[in-house]
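Visitor: Quick one: the structure is below, questions incoming.
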Amino acid sequence: MSEIKTVLVTGGMGYIGSHTVIALIEQGYQPIIVDDLANSSPEVLNRLKIITGKDIPFFKGNVCDKAFLEKIFSSHKIDAVIHFAGFKAVGESVEKPLEYYRNNLDSTLTLLEVMTEKGVKNIIFSSSATVYGTPVHVPLTEEDPIGTATNPYGTTKIMQEKIFTDYAFVHKDFNIALLRYFNPIGAHPSGLIGEAPYGTPNNLMPYITQVAVGKLPRLTVFGNDYPTPDGTCIRDYIHVCDLADGHVLALKKLAQNPGLVIYNLGTGKGTSVMELIHAYEKATGVKIPYVIAARRPGDVAENYAGTLKAEKELGFKAKRTIFDSCADSNRWQQKNPKGYN
Ligand code: UD1
């Protein structure tokens, strides 16, 4: 057993990172945030202070900047790292492949180099269900093979998992958790922090919430001719606070020196696009106008998580319902129609 107390959170100002910072503080950990604010707002820090009552150390900079990282590791006793920082827009990754490969791979390589130099041996990596590619079956389990991603963003997740796996093979004293997220939605129940994408959202829930506040006129449902009960795609939507709790459980696992471990973080339950729209309307009383359009290239009909491994080995089980997620996403967007601006 090794004691983990101080946790460096890269990308800690982002959507999943900021919710995880709260979970860490609630469970007695001391987070330190590193973020270059490329895709997040400095206002998040103020909101985190209101929610937690704590001044959280924050360093603005890029994880690919080795000298910057070395300084932080030299001036703090860091026990573990949670690595969220990275570019994450699927469509943009197709337009800017080099930027995505450079940023996402370089940050992971630099982080591992600095951790090795400084003797910090515990890390959680933000992976994605996207690494499974087109599912051969559902639920997807951790034993299923890594697939082929349909875009550079997904490929960077696969490549980063590979970097961690090859590294762990020769560094048996390192503890690495690869967490494969399904579809995070929802927001902190305070309505103070939530998902705040720049520009028009690509993902379903932020699109719905912007329709709900009248920022966008209607939702476009991408395809209703999939081989699913109502014809629309099925995903495993997990409340971001459940996801955040999963990271704390993974840290507890790392403290037992398990080497490299891989877990899905999902609910194990599939919800279709139409079911999500209806759940949102029911949870919030807000009507979501929509039109049906063609399928979006690269989408798979159905994916949801096998959750047995995370439940058995981490004690992880998603607690919040799809209605909680809808109500919380809606509260966040109603209180912050322009995000953090
Ligand atoms: C996407 C990415 C995935 C990434 C995840 C989180 C793809 C193929 N996958 O997952 O790699 O990890 O986001 O960022 O892009 N939908 C609509 N209308 C919309 C938006 C979405 O009908 O305006 C539908 C989609 O067709 C899909 C479902 O909603 O069936 C969920 O879409 P989205 O939120 O983008 O997540 P994924 O595609 O599952």
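By convention in this document, the chains of the structure tokens carry letters A, B, ... by their order, each chain's residues are numbered from 1, and ligands are numbered from 1 in the order they are shown.
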Counting only C-alpha atoms and all ligand atoms, what residues are within 6 Å of ligand 1, given as a ChimeraX atom specification?
Guide: /A:90,128,130,154,183,202-204,207,219-222,233,273,296,298-299
Visitor: Write out as number ranges by chain the residues lying within 9 Å of Glu161 of chain A, counting only C-alpha atoms and excluding same-chain residues fewer than 2 positions away.
Guide: A: 125, 127, 131, 156-159, 163-166, 178
Visitor: Could you check which of A:Ala293, A:Leu105, A:Val300, A:Met1 is closest to Lys253 of chain A, using only C-alpha atoms?
Guide: A:Met1
Visitor: Just checking: using only C-alpha atoms, which residue out of A:Thr148, A:Gln256, A:Asn224, A:Thr307 ends up closest to Lys269 of chain A?
Guide: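 Nearest to Lys269 of chain A: A:Thr307.
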Visitor: Excluding Asn46 of chain A and its own-chain neighbours fewer than 3 positions away, which residues fall within 12 Å of it when counting only C-alpha atoms? Please give them as a ChimeraX atom specification.
Guide: /A:13,18,41-43,49-58,192-193,340
Visitor: Between atom CA of Gly86 of chain A and atom CA of Gly11 of chain A, measure the distance and give it in Å to one decimal.
Guide: 7.3 Å
Visitor: What's the 8 Å shell around Cys64 of chain A, counting only C-alpha atoms, without same-chain residues fewer than 6 positions away, as a compact mmCIF listing (two decimals) with N, CA and C atoms, in the first residue's frame?
Guide:
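Now in selection04.txt:
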```
# COMPACT_ATOMS: atom_id res chain seq x y z
N ASN A 103 -0.37 17.24 -29.75
CA ASN A 103 -0.77 17.66 -28.40
C ASN A 103 -1.07 16.46 -27.50
N ASP A 106 2.20 14.03 -27.21
CA ASP A 106 3.32 14.71 -26.57
C ASP A 106 3.05 14.94 -25.08
N SER A 107 1.82 15.32 -24.74
CA SER A 107 1.51 15.59 -23.33
C SER A 107 1.70 14.31 -22.50
N THR A 108 1.26 13.19 -23.04
CA THR A 108 1.39 11.94 -22.29
C THR A 108 2.85 11.53 -22.16
N THR A 110 5.52 13.48 -22.26
CA THR A 110 6.21 14.42 -21.38
C THR A 110 5.87 14.12 -19.91
N LEU A 111 4.60 13.90 -19.68
CA LEU A 111 4.15 13.61 -18.31
C LEU A 111 4.85 12.35 -17.78
```
Visitor: Write out as a compact mmCIF listing (two decimals) with all heavy atoms, in the first residue's frame the residues lying within 7 Å of segment 277-289 of chain A, counting only C-alpha atoms and excluding same-chain residues fewer than 5 positions away.
Guide:
```txt
# COMPACT_ATOMS: atom_id res chain seq x y z
N VAL A 211 -30.61 24.00 -26.97
CA VAL A 211 -31.96 24.13 -27.52
C VAL A 211 -32.92 24.53 -26.40
O VAL A 211 -33.77 25.41 -26.55
CB VAL A 211 -32.42 22.81 -28.20
CG1 VAL A 211 -33.90 22.87 -28.57
CG2 VAL A 211 -31.57 22.50 -29.43
N ALA A 212 -32.72 23.93 -25.23
CA ALA A 212 -33.62 24.20 -24.09
C ALA A 212 -33.60 25.67 -23.67
O ALA A 212 -34.63 26.20 -23.24
CB ALA A 212 -33.22 23.31 -22.90
N ARG A 218 -33.44 24.02 -32.81
CA ARG A 218 -33.91 22.64 -32.70
C ARG A 218 -32.74 21.68 -32.78
O ARG A 218 -31.67 22.02 -33.28
CB ARG A 218 -34.92 22.33 -33.81
CG ARG A 218 -34.33 22.16 -35.20
CD ARG A 218 -35.37 22.13 -36.28
NE ARG A 218 -35.98 23.45 -36.43
CZ ARG A 218 -35.42 24.46 -37.10
NH1 ARG A 218 -34.24 24.32 -37.69
NH2 ARG A 218 -36.02 25.63 -37.19
N LEU A 219 -33.01 20.49 -32.28
CA LEU A 219 -32.00 19.43 -32.33
C LEU A 219 -32.14 18.69 -33.65
O LEU A 219 -33.26 18.50 -34.14
CB LEU A 219 -32.24 18.46 -31.16
CG LEU A 219 -31.42 17.17 -31.17
CD1 LEU A 219 -29.95 17.45 -30.84
CD2 LEU A 219 -31.98 16.17 -30.16
N PHE A 323 -32.63 10.84 -15.35
CA PHE A 323 -33.42 12.04 -15.02
C PHE A 323 -32.59 13.03 -14.20
O PHE A 323 -32.67 14.23 -14.41
CB PHE A 323 -34.70 11.65 -14.28
CG PHE A 323 -35.63 10.81 -15.10
CD1 PHE A 323 -35.75 9.45 -14.86
CD2 PHE A 323 -36.36 11.36 -16.15
CE1 PHE A 323 -36.57 8.67 -15.65
CE2 PHE A 323 -37.19 10.59 -16.95
CZ PHE A 323 -37.30 9.22 -16.69
N CYS A 326 -30.36 14.77 -16.67
CA CYS A 326 -31.07 15.77 -17.47
C CYS A 326 -31.37 17.02 -16.63
O CYS A 326 -31.16 18.15 -17.07
CB CYS A 326 -32.38 15.19 -18.01
SG CYS A 326 -32.11 13.93 -19.28
N ALA A 327 -31.86 16.79 -15.40
CA ALA A 327 -32.21 17.94 -14.55
C ALA A 327 -30.95 18.76 -14.25
O ALA A 327 -30.98 20.00 -14.27
CB ALA A 327 -32.85 17.43 -13.25
```
Visitor: Please return as an MDAnalysis selection string: the residues of segment 182-296 of chain A that backbone DSSP assigns to helix (DSSP H, G or I).
Guide: chainID A and resid 204:212 240:254 273:284
Visitor: Please extract the residues of segment 199-263 of chain A with a backbone DSSP assignment of strand (DSSP E) and present them as number ranges by chain.
Guide: A: 219-222, 234-235, 237-239, 260-263
Visitor: Could you save those same residues with all heavy atoms as an mmCIF file, in the first residue's frame?
Guide:
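File result_12.cif, as written:
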```
data_model
loop_
_atom_site.group_PDB
_atom_site.id
_atom_site.type_symbol
_atom_site.label_atom_id
_atom_site.label_comp_id
_atom_site.auth_asym_id
_atom_site.auth_seq_id
_atom_site.Cartn_x
_atom_site.Cartn_y
_atom_site.Cartn_z
ATOM 1 N N LEU A 219 -33.013 20.491 -32.278
ATOM 2 C CA LEU A 219 -32.003 19.428 -32.333
ATOM 3 C C LEU A 219 -32.143 18.686 -33.650
ATOM 4 O O LEU A 219 -33.258 18.497 -34.141
ATOM 5 C CB LEU A 219 -32.239 18.463 -31.162
ATOM 6 C CG LEU A 219 -31.416 17.167 -31.168
ATOM 7 C CD1 LEU A 219 -29.948 17.451 -30.842
ATOM 8 C CD2 LEU A 219 -31.981 16.170 -30.160
ATOM 9 N N THR A 220 -31.016 18.275 -34.220
ATOM 10 C CA THR A 220 -31.045 17.372 -35.364
ATOM 11 C C THR A 220 -30.704 15.977 -34.863
ATOM 12 O O THR A 220 -29.648 15.779 -34.262
ATOM 13 C CB THR A 220 -30.018 17.808 -36.426
ATOM 14 O OG1 THR A 220 -30.294 19.165 -36.777
ATOM 15 C CG2 THR A 220 -30.091 16.943 -37.658
ATOM 16 N N VAL A 221 -31.611 15.041 -35.060
ATOM 17 C CA VAL A 221 -31.360 13.654 -34.668
ATOM 18 C C VAL A 221 -30.702 12.954 -35.850
ATOM 19 O O VAL A 221 -31.286 12.885 -36.940
ATOM 20 C CB VAL A 221 -32.678 12.944 -34.272
ATOM 21 C CG1 VAL A 221 -32.438 11.458 -34.000
ATOM 22 C CG2 VAL A 221 -33.310 13.626 -33.073
ATOM 23 N N PHE A 222 -29.499 12.471 -35.634
ATOM 24 C CA PHE A 222 -28.744 11.868 -36.737
ATOM 25 C C PHE A 222 -29.143 10.414 -36.967
ATOM 26 O O PHE A 222 -28.519 9.499 -36.448
ATOM 27 C CB PHE A 222 -27.237 11.959 -36.457
ATOM 28 C CG PHE A 222 -26.709 13.366 -36.343
ATOM 29 C CD1 PHE A 222 -25.801 13.710 -35.342
ATOM 30 C CD2 PHE A 222 -27.103 14.358 -37.245
ATOM 31 C CE1 PHE A 222 -25.297 14.999 -35.236
ATOM 32 C CE2 PHE A 222 -26.603 15.655 -37.148
ATOM 33 C CZ PHE A 222 -25.707 15.976 -36.146
ATOM 34 N N ILE A 234 -28.056 4.107 -29.663
ATOM 35 C CA ILE A 234 -28.070 3.844 -28.224
ATOM 36 C C ILE A 234 -26.671 4.054 -27.643
ATOM 37 O O ILE A 234 -25.684 3.558 -28.178
ATOM 38 C CB ILE A 234 -28.581 2.418 -27.956
ATOM 39 C CG1 ILE A 234 -30.073 2.349 -28.314
ATOM 40 C CG2 ILE A 234 -28.326 1.993 -26.519
ATOM 41 C CD1 ILE A 234 -30.672 0.967 -28.212
ATOM 42 N N ARG A 235 -26.629 4.840 -26.546
ATOM 43 C CA ARG A 235 -25.367 5.093 -25.849
ATOM 44 C C ARG A 235 -25.573 4.903 -24.354
ATOM 45 O O ARG A 235 -26.699 4.882 -23.865
ATOM 46 C CB ARG A 235 -24.908 6.547 -26.081
ATOM 47 C CG ARG A 235 -24.547 6.881 -27.510
ATOM 48 C CD ARG A 235 -23.236 6.235 -27.936
ATOM 49 N NE ARG A 235 -22.895 6.586 -29.304
ATOM 50 C CZ ARG A 235 -23.353 5.954 -30.379
ATOM 51 N NH1 ARG A 235 -24.199 4.933 -30.258
ATOM 52 N NH2 ARG A 235 -22.974 6.344 -31.590
ATOM 53 N N TYR A 237 -25.148 6.801 -21.191
ATOM 54 C CA TYR A 237 -24.934 8.147 -20.643
ATOM 55 C C TYR A 237 -24.716 8.067 -19.142
ATOM 56 O O TYR A 237 -25.574 7.589 -18.413
ATOM 57 C CB TYR A 237 -26.141 9.045 -20.968
ATOM 58 C CG TYR A 237 -26.323 9.234 -22.457
ATOM 59 C CD1 TYR A 237 -27.237 8.462 -23.169
ATOM 60 C CD2 TYR A 237 -25.550 10.155 -23.162
ATOM 61 C CE1 TYR A 237 -27.384 8.613 -24.548
ATOM 62 C CE2 TYR A 237 -25.689 10.316 -24.531
ATOM 63 C CZ TYR A 237 -26.610 9.547 -25.214
ATOM 64 O OH TYR A 237 -26.743 9.697 -26.570
ATOM 65 N N ILE A 238 -23.559 8.558 -18.709
ATOM 66 C CA ILE A 238 -23.219 8.477 -17.275
ATOM 67 C C ILE A 238 -23.089 9.888 -16.703
ATOM 68 O O ILE A 238 -22.496 10.772 -17.333
ATOM 69 C CB ILE A 238 -21.922 7.639 -17.070
ATOM 70 C CG1 ILE A 238 -21.523 7.633 -15.587
ATOM 71 C CG2 ILE A 238 -20.765 8.114 -17.949
ATOM 72 C CD1 ILE A 238 -20.423 6.623 -15.247
ATOM 73 N N HIS A 239 -23.673 10.077 -15.517
ATOM 74 C CA HIS A 239 -23.594 11.392 -14.867
ATOM 75 C C HIS A 239 -22.131 11.713 -14.548
ATOM 76 O O HIS A 239 -21.410 10.875 -14.003
ATOM 77 C CB HIS A 239 -24.414 11.378 -13.580
ATOM 78 C CG HIS A 239 -24.704 12.757 -13.043
ATOM 79 N ND1 HIS A 239 -23.711 13.599 -12.564
ATOM 80 C CD2 HIS A 239 -25.854 13.462 -12.922
ATOM 81 C CE1 HIS A 239 -24.256 14.732 -12.166
ATOM 82 N NE2 HIS A 239 -25.560 14.684 -12.375
ATOM 83 N N LEU A 260 -0.758 -2.111 -14.054
ATOM 84 C CA LEU A 260 -1.683 -1.492 -15.019
ATOM 85 C C LEU A 260 -3.068 -2.139 -14.939
ATOM 86 O O LEU A 260 -3.177 -3.362 -14.984
ATOM 87 C CB LEU A 260 -1.147 -1.632 -16.449
ATOM 88 C CG LEU A 260 -2.064 -0.981 -17.486
ATOM 89 C CD1 LEU A 260 -1.377 0.173 -18.196
ATOM 90 C CD2 LEU A 260 -2.559 -1.987 -18.510
ATOM 91 N N VAL A 261 -4.081 -1.290 -14.786
ATOM 92 C CA VAL A 261 -5.463 -1.797 -14.718
ATOM 93 C C VAL A 261 -6.340 -1.002 -15.685
ATOM 94 O O VAL A 261 -6.051 0.169 -15.981
ATOM 95 C CB VAL A 261 -6.041 -1.703 -13.285
ATOM 96 C CG1 VAL A 261 -5.417 -2.755 -12.377
ATOM 97 C CG2 VAL A 261 -5.841 -0.302 -12.698
ATOM 98 N N ILE A 262 -7.379 -1.644 -16.178
ATOM 99 C CA ILE A 262 -8.263 -1.012 -17.168
ATOM 100 C C ILE A 262 -9.711 -1.183 -16.713
ATOM 101 O O ILE A 262 -10.119 -2.301 -16.373
ATOM 102 C CB ILE A 262 -8.101 -1.682 -18.552
ATOM 103 C CG1 ILE A 262 -6.640 -1.601 -19.014
ATOM 104 C CG2 ILE A 262 -9.032 -1.041 -19.590
ATOM 105 C CD1 ILE A 262 -6.364 -2.289 -20.350
ATOM 106 N N TYR A 263 -10.452 -0.089 -16.701
ATOM 107 C CA TYR A 263 -11.870 -0.185 -16.315
ATOM 108 C C TYR A 263 -12.753 0.653 -17.224
ATOM 109 O O TYR A 263 -12.410 1.788 -17.564
ATOM 110 C CB TYR A 263 -12.082 0.311 -14.873
ATOM 111 C CG TYR A 263 -11.332 -0.505 -13.852
ATOM 112 C CD1 TYR A 263 -10.194 0.010 -13.244
ATOM 113 C CD2 TYR A 263 -11.741 -1.798 -13.536
ATOM 114 C CE1 TYR A 263 -9.474 -0.745 -12.321
ATOM 115 C CE2 TYR A 263 -11.021 -2.563 -12.627
ATOM 116 C CZ TYR A 263 -9.900 -2.032 -12.024
ATOM 117 O OH TYR A 263 -9.178 -2.783 -11.136
#
```
Visitor: Using only C-alpha atoms, which of A:Val34, A:Asn122, A:Pro258, A:Ile4 sits nearest Phe68 of chain A?
Guide: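 Closest to Phe68 of chain A, using only C-alpha atoms: A:Val34.
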